[in-house]
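Raw contents of structure09.txt, compact mmCIF, C-alpha atoms:
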```txt
# COMPACT_ATOMS: atom_id res chain seq x y z
CA MET X 80 72.29 153.31 9.83
CA ALA X 81 69.10 153.35 11.91
CA ASP X 82 68.38 149.79 10.80
CA ARG X 83 71.83 148.66 11.98
CA SER X 84 71.24 150.40 15.33
CA VAL X 85 67.91 148.67 15.78
CA ALA X 86 69.46 145.36 14.80
CA ALA X 87 72.31 145.89 17.26
CA ARG X 88 69.91 146.63 20.07
CA SER X 89 67.91 143.53 19.14
CA VAL X 90 71.01 141.37 19.22
CA SER X 91 72.03 142.95 22.51
CA ARG X 92 68.65 142.20 24.05
CA SER X 93 68.78 138.66 22.72
CA ARG X 94 72.24 138.13 24.22
CA ALA X 95 71.08 139.62 27.51
CA ALA X 96 68.10 137.29 27.52
CA ASP X 97 70.36 134.35 26.72
CA TRP X 98 72.72 135.36 29.51
CA ALA X 99 69.79 135.67 31.96
CA ARG X 100 68.48 132.27 30.98
CA GLY X 101 71.97 130.86 31.34
CA ALA X 102 72.33 132.44 34.78
CA LEU X 103 69.03 130.97 35.87
CA LEU X 104 70.06 127.57 34.55
CA ARG X 105 73.44 127.80 36.28
CA GLY X 106 71.70 128.81 39.50
CA ALA X 107 69.31 125.89 39.23
CA VAL X 108 72.20 123.49 38.64
CA VAL X 109 74.07 124.87 41.66
CA ALA X 110 70.94 124.62 43.83
CA LEU X 111 70.30 121.06 42.66
CA ALA X 112 73.90 120.11 43.33
CA SER X 113 73.70 121.63 46.81
CA PHE X 114 70.46 119.76 47.55
CA THR X 115 71.94 116.50 46.24
CA ALA X 116 75.04 116.98 48.36
CA ALA X 117 72.94 117.69 51.45
CA LEU X 118 70.79 114.64 50.74
CA TYR X 119 73.89 112.53 50.25
CA CYS X 120 75.35 113.78 53.53
CA LEU X 121 72.10 112.98 55.32
CA ARG X 122 71.98 109.52 53.78
CA THR X 123 75.64 108.99 54.62
CA GLU X 124 75.01 110.08 58.20
CA VAL X 125 72.10 107.62 58.49
CA LEU X 126 74.12 104.79 57.01
CA HIS X 127 77.06 105.72 59.23
CA ARG X 128 74.83 105.34 62.28
CA VAL X 129 73.57 102.06 60.88
CA PHE X 130 76.93 100.51 60.21
CA THR X 131 79.13 102.12 62.85
CA PHE X 132 77.61 99.83 65.45
CA HIS X 133 77.98 96.78 63.23
CA SER X 134 81.64 97.45 62.40
CA HIS X 135 82.41 98.43 65.99
CA ARG X 136 80.58 95.43 67.42
CA ASN X 137 83.37 92.97 66.73
CA SER X 138 85.76 95.03 68.82
CA GLY X 139 83.58 95.28 71.90
CA GLY X 140 80.15 96.49 70.71
CA MET X 141 78.50 93.10 71.20
CA ASP X 142 79.77 92.81 74.77
CA GLU X 143 78.73 96.39 75.50
CA THR X 144 75.19 95.77 74.31
CA LEU X 145 74.96 92.47 76.16
CA GLN X 146 75.98 94.40 79.26
CA LEU X 147 73.02 96.71 78.75
CA VAL X 148 70.79 93.62 78.67
CA ARG X 149 72.40 92.40 81.88
CA ASN X 150 71.57 95.77 83.43
CA ILE X 151 67.82 95.27 82.92
CA VAL X 152 67.68 91.72 84.33
CA PRO X 153 66.09 91.97 87.79
CA PRO X 154 68.07 90.30 90.58
CA LEU X 155 66.65 87.23 92.28
CA THR X 156 66.11 88.02 95.95
CA THR X 157 64.05 86.62 98.82
CA GLU X 158 62.38 90.01 99.24
CA LYS X 159 60.07 89.64 96.24
CA HIS X 160 56.64 88.07 95.93
CA LYS X 161 55.14 86.12 93.04
CA GLY X 162 54.44 88.29 90.04
CA GLN X 163 56.95 91.07 90.56
CA ASP X 164 59.39 89.82 87.95
CA GLY X 165 56.85 89.53 85.17
CA ARG X 166 53.31 88.53 84.31
CA ILE X 167 53.11 87.92 80.57
CA ALA X 168 50.12 87.24 78.31
CA VAL X 169 50.11 85.50 74.94
CA ILE X 170 47.25 86.25 72.55
CA GLY X 171 47.07 83.33 70.15
CA GLY X 172 46.30 79.68 69.68
CA CYS X 173 43.61 78.12 67.50
CA SER X 174 42.68 74.58 66.46
CA GLU X 175 45.41 74.47 63.79
CA TYR X 176 48.18 76.10 65.81
CA THR X 177 48.55 75.12 69.46
CA GLY X 178 52.33 74.76 69.70
CA ALA X 179 53.19 78.40 68.94
CA PRO X 180 51.43 79.98 71.96
CA TYR X 181 52.84 77.26 74.17
CA PHE X 182 56.40 77.95 73.01
CA ALA X 183 55.99 81.71 73.51
CA ALA X 184 54.46 81.37 76.98
CA ILE X 185 56.81 78.68 78.27
CA ALA X 186 59.81 80.64 76.95
CA SER X 187 58.74 83.67 78.99
CA LEU X 188 58.56 81.47 82.09
CA LYS X 189 61.92 79.84 81.41
CA VAL X 190 63.55 83.26 80.97
CA GLY X 191 62.20 84.35 84.33
CA ALA X 192 58.56 85.43 84.22
CA ASP X 193 56.57 84.49 87.32
CA LEU X 194 53.27 83.89 85.52
CA ALA X 195 52.28 83.24 81.90
CA HIS X 196 48.73 83.46 80.52
CA VAL X 197 47.51 82.20 77.14
CA PHE X 198 44.30 83.68 75.72
CA CYS X 199 43.30 81.31 72.93
CA THR X 200 40.24 79.98 71.08
CA THR X 201 37.86 77.63 72.84
CA ASP X 202 38.90 74.48 70.98
CA ALA X 203 42.64 75.14 71.42
CA ALA X 204 42.51 75.56 75.20
CA PRO X 205 42.35 71.87 76.28
CA ILE X 206 45.28 71.02 74.01
CA ILE X 207 47.47 73.87 75.25
CA LYS X 208 46.56 73.03 78.86
CA SER X 209 47.76 69.49 78.24
CA TYR X 210 51.22 70.69 77.20
CA SER X 211 52.08 72.16 80.58
CA PRO X 212 50.46 72.78 83.98
CA ASN X 213 52.65 75.90 84.27
CA LEU X 214 50.46 77.94 81.92
CA ILE X 215 47.20 79.72 82.76
CA VAL X 216 44.96 79.14 79.75
CA HIS X 217 41.82 81.14 78.91
CA PRO X 218 39.45 79.78 76.19
CA VAL X 219 37.98 83.13 75.15
CA LEU X 220 39.60 84.50 71.98
CA ASP X 221 36.82 83.42 69.60
CA LYS X 222 33.96 84.81 71.72
CA ASN X 223 31.97 87.98 71.11
CA THR X 224 32.88 88.99 74.66
CA ALA X 225 36.61 88.22 74.26
CA VAL X 226 37.89 91.79 74.49
CA ASP X 227 35.88 92.61 77.60
CA GLU X 228 36.92 89.36 79.29
CA ILE X 229 40.62 89.80 78.49
CA VAL X 230 40.67 93.49 79.45
CA GLN X 231 39.55 92.45 82.93
CA TRP X 232 42.93 90.70 83.26
CA PHE X 233 44.96 93.74 82.22
CA PRO X 234 45.70 94.92 85.79
CA ALA X 235 47.33 91.54 86.40
CA LEU X 236 49.55 91.73 83.28
CA HIS X 237 52.81 93.51 82.49
CA ALA X 238 53.25 92.84 78.76
CA MET X 239 51.46 91.11 75.91
CA VAL X 240 52.73 88.91 73.07
CA ILE X 241 50.26 89.02 70.20
CA GLY X 242 50.15 86.58 67.31
CA PRO X 243 51.69 83.13 68.00
CA GLY X 244 49.26 80.59 66.55
CA LEU X 245 46.61 83.27 66.12
CA GLY X 246 45.24 82.14 62.77
CA ARG X 247 43.13 84.31 60.46
CA ASP X 248 39.61 83.72 61.66
CA GLU X 249 37.74 86.99 61.08
CA MET X 250 36.36 87.33 64.60
CA VAL X 251 39.70 86.43 66.21
CA GLN X 252 41.48 88.98 64.02
CA GLN X 253 38.98 91.69 64.93
CA ASN X 254 39.28 90.87 68.64
CA THR X 255 43.05 91.04 68.29
CA LYS X 256 42.91 94.47 66.66
CA ASP X 257 40.66 95.73 69.47
CA LEU X 258 43.07 94.34 72.06
CA ILE X 259 45.98 96.21 70.46
CA VAL X 260 43.96 99.41 70.80
CA GLU X 261 43.30 98.59 74.48
CA CYS X 262 47.02 97.95 75.10
CA LYS X 263 47.89 101.31 73.53
CA TYR X 264 45.32 103.07 75.69
CA ARG X 265 46.88 101.59 78.84
CA GLY X 266 50.51 101.94 77.76
CA MET X 267 51.24 98.21 77.92
CA PRO X 268 54.34 96.93 76.08
CA ILE X 269 53.38 94.58 73.24
CA VAL X 270 55.25 92.24 70.93
CA VAL X 271 53.51 91.45 67.62
CA ASP X 272 54.49 88.34 65.67
CA ALA X 273 53.12 85.85 63.14
CA ASP X 274 49.44 86.40 62.28
CA GLY X 275 49.39 89.37 64.64
CA LEU X 276 51.47 91.01 61.91
CA TRP X 277 48.73 90.16 59.44
CA VAL X 278 46.40 92.35 61.53
CA ILE X 279 48.93 95.20 61.27
CA THR X 280 49.39 94.66 57.54
CA GLN X 281 45.65 94.96 56.94
CA GLU X 282 45.40 98.15 59.02
CA PRO X 283 48.80 99.73 59.83
CA SER X 284 47.16 102.67 61.59
CA VAL X 285 46.28 100.40 64.51
CA ILE X 286 49.94 100.40 65.59
CA GLN X 287 50.98 103.80 64.20
CA GLY X 288 53.15 105.79 66.59
CA TYR X 289 52.95 103.32 69.49
CA THR X 290 56.57 103.25 70.63
CA LYS X 291 56.00 100.52 73.23
CA ALA X 292 55.29 98.08 70.41
CA ILE X 293 57.88 95.70 68.94
CA LEU X 294 57.18 93.93 65.64
CA THR X 295 59.11 90.74 64.80
CA PRO X 296 58.64 89.93 61.08
CA ASN X 297 60.53 87.32 59.11
CA VAL X 298 61.62 88.16 55.57
CA VAL X 299 58.21 87.42 53.99
CA GLU X 300 56.26 89.27 56.68
CA PHE X 301 58.63 92.23 56.46
CA ALA X 302 58.20 92.56 52.69
CA ARG X 303 54.43 92.33 52.99
CA LEU X 304 54.29 94.94 55.76
CA TYR X 305 56.70 97.25 53.91
CA THR X 306 54.53 97.21 50.79
CA ALA X 307 51.35 97.78 52.79
CA VAL X 308 52.79 100.78 54.64
CA LEU X 309 54.99 102.42 51.98
CA ASP X 310 53.04 101.32 48.89
CA THR X 311 56.18 100.12 47.13
CA PRO X 312 58.12 96.84 47.00
CA VAL X 313 60.97 96.54 49.49
CA ASP X 314 64.57 96.76 48.27
CA MET X 315 66.28 93.89 50.07
CA GLU X 316 69.66 94.97 48.69
CA ASN X 317 69.82 97.57 51.45
CA GLU X 318 68.07 95.99 54.42
CA PRO X 319 69.14 98.49 57.11
CA GLU X 320 67.85 101.45 55.11
CA ALA X 321 64.58 99.64 54.34
CA LEU X 322 64.19 98.86 58.03
CA LEU X 323 64.74 102.50 58.98
CA LYS X 324 62.17 103.64 56.42
CA LEU X 325 59.51 101.22 57.63
CA SER X 326 60.05 102.03 61.30
CA ARG X 327 59.83 105.76 60.61
CA ALA X 328 56.73 105.33 58.45
CA LEU X 329 55.06 103.54 61.37
CA GLY X 330 55.96 106.35 63.76
CA ASN X 331 59.19 104.91 65.16
CA VAL X 332 57.74 101.56 66.15
CA THR X 333 60.59 99.14 66.93
CA ILE X 334 61.00 96.36 64.38
CA VAL X 335 63.07 93.18 64.62
CA GLN X 336 63.80 92.02 61.08
CA LYS X 337 64.68 88.36 61.55
CA GLY X 338 67.16 86.81 59.16
CA HIS X 339 70.76 85.70 58.68
CA HIS X 340 71.55 88.61 60.99
CA ASP X 341 68.76 90.08 63.10
CA LEU X 342 68.37 93.80 62.41
CA ILE X 343 66.65 95.89 65.08
CA SER X 344 65.54 99.50 64.63
CA ASP X 345 63.34 102.16 66.19
CA GLY X 346 63.72 104.45 63.17
CA THR X 347 66.77 106.27 64.53
CA THR X 348 69.21 103.48 65.38
CA VAL X 349 69.92 100.07 63.88
CA LEU X 350 71.43 97.30 65.99
CA VAL X 351 72.74 94.13 64.40
CA CYS X 352 72.63 90.84 66.31
CA SER X 353 74.85 88.32 64.54
CA LEU X 354 75.56 85.96 67.43
CA LYS X 355 76.26 82.50 66.03
CA GLY X 356 73.26 80.21 65.73
CA SER X 357 73.06 77.31 63.30
CA GLY X 358 71.70 76.38 59.90
CA ARG X 359 68.73 74.57 61.41
CA ARG X 360 65.45 76.45 60.90
CA CYS X 361 62.72 74.38 62.55
CA GLY X 362 59.31 75.92 63.22
CA GLY X 363 58.74 77.60 66.57
CA GLN X 364 61.99 79.54 67.00
CA GLY X 365 60.21 82.83 66.40
CA ASP X 366 57.78 81.96 69.18
CA LEU X 367 60.67 81.46 71.59
CA LEU X 368 61.97 84.88 70.57
CA SER X 369 58.61 86.64 70.94
CA GLY X 370 57.90 85.10 74.35
CA SER X 371 61.29 85.99 75.78
CA LEU X 372 61.04 89.45 74.20
CA GLY X 373 57.71 90.13 75.87
CA LEU X 374 59.31 89.60 79.27
CA MET X 375 62.49 91.50 78.44
CA ALA X 376 60.45 94.46 77.18
CA HIS X 377 58.76 94.63 80.58
CA TRP X 378 62.13 94.44 82.35
CA ALA X 379 63.60 97.13 80.09
CA PHE X 380 60.78 99.61 80.69
CA VAL X 381 60.92 99.02 84.43
CA ALA X 382 64.71 99.52 84.42
CA GLY X 383 64.43 102.70 82.33
CA LYS X 384 66.99 104.51 80.19
CA GLU X 385 69.29 104.94 83.20
CA LYS X 386 70.07 101.23 82.95
CA THR X 387 70.17 101.19 79.14
CA ASP X 388 72.65 104.05 78.81
CA GLY X 389 70.05 106.24 77.14
CA ILE X 390 69.25 103.68 74.44
CA ASN X 391 65.59 102.99 73.72
CA PRO X 392 64.53 100.17 76.11
CA THR X 393 62.81 98.35 73.24
CA LEU X 394 66.13 98.06 71.38
CA VAL X 395 67.92 96.59 74.39
CA ALA X 396 65.11 94.12 75.05
CA ALA X 397 65.01 93.07 71.39
CA PHE X 398 68.77 92.61 71.23
CA GLY X 399 68.64 90.46 74.36
CA ALA X 400 65.87 88.23 73.00
CA CYS X 401 67.61 87.83 69.64
CA ALA X 402 70.92 86.94 71.30
CA LEU X 403 69.23 84.43 73.61
CA THR X 404 67.34 82.74 70.77
CA ARG X 405 70.52 82.41 68.72
CA GLN X 406 72.46 81.04 71.69
CA CYS X 407 69.72 78.46 72.37
CA ASN X 408 69.76 77.50 68.71
CA ASN X 409 73.52 77.03 68.75
CA GLN X 410 73.59 74.98 71.95
CA ALA X 411 70.69 72.74 70.91
CA PHE X 412 72.24 72.17 67.50
CA GLN X 413 75.52 71.05 69.08
CA LYS X 414 73.60 68.28 70.85
CA HIS X 415 70.95 67.27 68.32
CA HIS X 416 72.26 68.47 64.94
CA ARG X 417 69.74 67.97 62.13
CA SER X 418 67.20 66.48 64.56
CA MET X 419 66.98 69.66 66.63
CA THR X 420 63.52 71.06 67.33
CA THR X 421 62.30 74.10 69.23
CA SER X 422 61.57 71.89 72.24
CA ASP X 423 65.32 71.21 72.37
CA MET X 424 65.96 74.96 72.26
CA ILE X 425 63.54 75.57 75.13
CA ALA X 426 65.58 73.11 77.20
CA GLU X 427 68.67 75.26 76.58
CA ILE X 428 67.22 78.55 77.85
CA SER X 429 68.58 78.16 81.37
CA THR X 430 72.21 77.64 80.41
CA ALA X 431 72.08 80.04 77.47
CA PHE X 432 70.63 82.81 79.63
CA HIS X 433 73.24 82.23 82.33
CA LYS X 434 76.08 82.26 79.80
CA LEU X 435 74.96 85.50 78.15
CA PHE X 436 73.56 87.53 81.00
CA GLU X 437 74.69 86.13 84.34
CA SER X 438 78.26 84.91 83.93
```

Here is the file; what I need is its structure written in the form of structure tokens.
Amino acid sequence: MADRSVAARSVSRSRAADWARGALLRGAVVALASFTAALYCLRTEVLHRVFTFHSHRNSGGMDETLQLVRNIVPPLTTEKHKGQDGRIAVIGGCSEYTGAPYFAAIASLKVGADLAHVFCTTDAAPIIKSYSPNLIVHPVLDKNTAVDEIVQWFPALHAMVIGPGLGRDEMVQQNTKDLIVECKYRGMPIVVDADGLWVITQEPSVIQGYTKAILTPNVVEFARLYTAVLDTPVDMENEPEALLKLSRALGNVTIVQKGHHDLISDGTTVLVCSLKGSGRRCGGQGDLLSGSLGLMAHWAFVAGKEKTDGINPTLVAAFGACALTRQCNNQAFQKHHRSMTTSDMIAEISTAFHKLFES
């Protein structure tokens, strides 16, 4: 009888232990389900913000955002003096690549900058000077004293476009990195493109958290930067989410992911610019975008969030530059078709700008 009592108590304790383990397991399952649901809601909220604009754009969103760009464009009046509407610098240009800095600088002038400087290597300067008398060209980028010499010009500059035709010379790359640090220290808006992005890829911390910076990678540059920053290959099946992740990882730096549609994000919002362009992809179009973006970034920061309806000025500037580049591409293609080059697109800036932002 005593043995049966002991056995009963043993069974009872075993069942109690089983029940306790089951309760713990059920609790863990419930907690995991709750966490998964919360994570799903968060992800859904992010994706909703991403795609609400895109789906709404066709029914007025595009026009609304273009209006925000129009708001930042300074009026032309007889009360201004030279330099007030924009003094832009381009850091780039080497013996192999002289066209890129020219396209970026001349685009900024054609969009409405008053002055455009190009800080390039010594051997590139005579060639770039020969392209246009409208550019101020400084043959300093490959000197040991380059940073000190360029910094002396900072009080005369509003924004800087870093990377067109930069090349990968070790000294030039180091000078470029030091100039980015100087721009951050002074709060100057910067646009980083082409081999300027290579500098960032090698040392992402140089741009970390600088919210007046705008990066403009193509698909290859984006994948390379994503891997360098997040230490994992990019999933191009969900481009908006990848863009958000990269921007956040860089401290909410604005990124323009160029492609079939241009995706623009500061880590909290994604804008989609899908204005019609063409199938022609000649070299130099990204330089037109970066040059016009440098100027528009200056305009946007001067205008402030009052003129951008509370939206980050970098997003509005980037959307404007993307729309303008696509419109120039479309107009030039209508005239030149397969023979279109970026020089043809530069010639379209005046009418494209007027159509988008002044009509």

Counting all atoms listed in the file, the residue of X:Ala168, X:Leu329, X:Cys361, X:Leu194 that sits nearest Met267 (chain X): X:Ala168

Can you tell me how far CA of Cys407 (chain X) sits from CA of Gly165 (chain X), in Å to one decimal? 21.3 Å

Using 9 Å as the limit and counting only C-alpha atoms, can you tabulate each residue of region 159-274 of chain X that touches region 295-317 of chain X, with its shortest atom-to-atom distance in Å and the two atoms involved, as a Markdown table?
```
| residue | atom | partner | partner_atom | distance |
| --- | --- | --- | --- | --- |
| X:Val270 | CA | X:Thr295 | CA | 7.4 |
| X:Val271 | CA | X:Thr295 | CA | 6.3 |
| X:Asp272 | CA | X:Thr295 | CA | 5.3 |
| X:Ala273 | CA | X:Pro296 | CA | 7.2 |
```

Fewer than 4 positions away in the same chain doesn't count, so skip those; otherwise give me all residues within 6 Å of region 183-192 of chain X, counting all atoms listed in the file, as a count of residues only. 7

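Note that CA of Tyr210 (chain X) and CA of Phe436 (chain X) are 28.2 Å apart.
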
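Picture a line from CA of Ala235 (chain X) to CA of Ile206 (chain X); it runs 24.1 Å.
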
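Minimum atom-to-atom distances from X:Val332, X:Val226, X:Leu258, X:Leu323 to Gln287 (chain X) were compared using all atoms listed in the file, and the lowest value belongs to X:Val332.
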
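Nearest-residue note for Phe233 (chain X): choosing from X:Arg327, X:Ile293, X:Val381, X:Gly266, the minimum distance belongs to X:Gly266, counting only C-alpha atoms.
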
How big is the axis-aligned box, and where does its centre sit, when it encloses all atoms of region 424-438 of chain X listed in the file and has 5 Å added on every side, reported in Å to one decimal as JSON?
```
{"center_x": 70.9, "center_y": 80.3, "center_z": 78.3, "size_x": 24.7, "size_y": 24.4, "size_z": 22.1}
```

Nearest to Pro180 (chain X) by atom-to-atom distance, counting only C-alpha atoms, from X:Ile279, X:Val285, X:Leu368, X:Leu435: X:Leu368

Hey, which of X:Gly244, X:Gly389, X:Pro283, X:Pro153 ends up closest to Glu175 (chain X)? Count all atoms listed in the file. X:Gly244

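Distances here use all atoms listed in the file; by that measure, the residue among X:Thr430, X:Thr420, X:Thr387, X:Gln253 closest to Gln146 (chain X) is X:Thr387.
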
Give me the residues within 10 Å of His433 (chain X) as number ranges by chain, counting only C-alpha atoms and dropping any in the same chain fewer than 5 places off. X: 190, 403, 428, 438

Counting all atoms listed in the file, which residues have an atom no more than 12 Å from (52.1, 70.8, 79.2) in the file's coordinates? Please list them as a VMD selection string. chain X and resid 177 to 178 180 to 182 184 to 185 204 to 216 422

Residue neighbourhood Lys324 (chain X), 7 Å, all atoms listed in the file, exclusion window fewer than 4 positions, as an MDAnalysis selection string: chainID X and resid 320 328 346

Same residues, C-alpha atoms, output as a compact mmCIF listing (two decimals), in the coordinates of the input:
```txt
# COMPACT_ATOMS: atom_id res chain seq x y z
CA GLU X 320 67.85 101.45 55.11
CA ALA X 328 56.73 105.33 58.45
CA GLY X 346 63.72 104.45 63.17
```

Just want the 12 Å neighbourhood of Gly358 (chain X), counted on all atoms listed in the file, with same-chain residues fewer than 6 positions away dropped. Output as number ranges by chain. X: 338-339, 405, 408-409, 411-413, 416-419

Residues of the last selection are to be written out with C-alpha atoms, as a compact mmCIF listing (two decimals), keeping the file's coordinate frame.
```
# COMPACT_ATOMS: atom_id res chain seq x y z
CA GLY X 338 67.16 86.81 59.16
CA HIS X 339 70.76 85.70 58.68
CA ARG X 405 70.52 82.41 68.72
CA ASN X 408 69.76 77.50 68.71
CA ASN X 409 73.52 77.03 68.75
CA ALA X 411 70.69 72.74 70.91
CA PHE X 412 72.24 72.17 67.50
CA GLN X 413 75.52 71.05 69.08
CA HIS X 416 72.26 68.47 64.94
CA ARG X 417 69.74 67.97 62.13
CA SER X 418 67.20 66.48 64.56
CA MET X 419 66.98 69.66 66.63
```
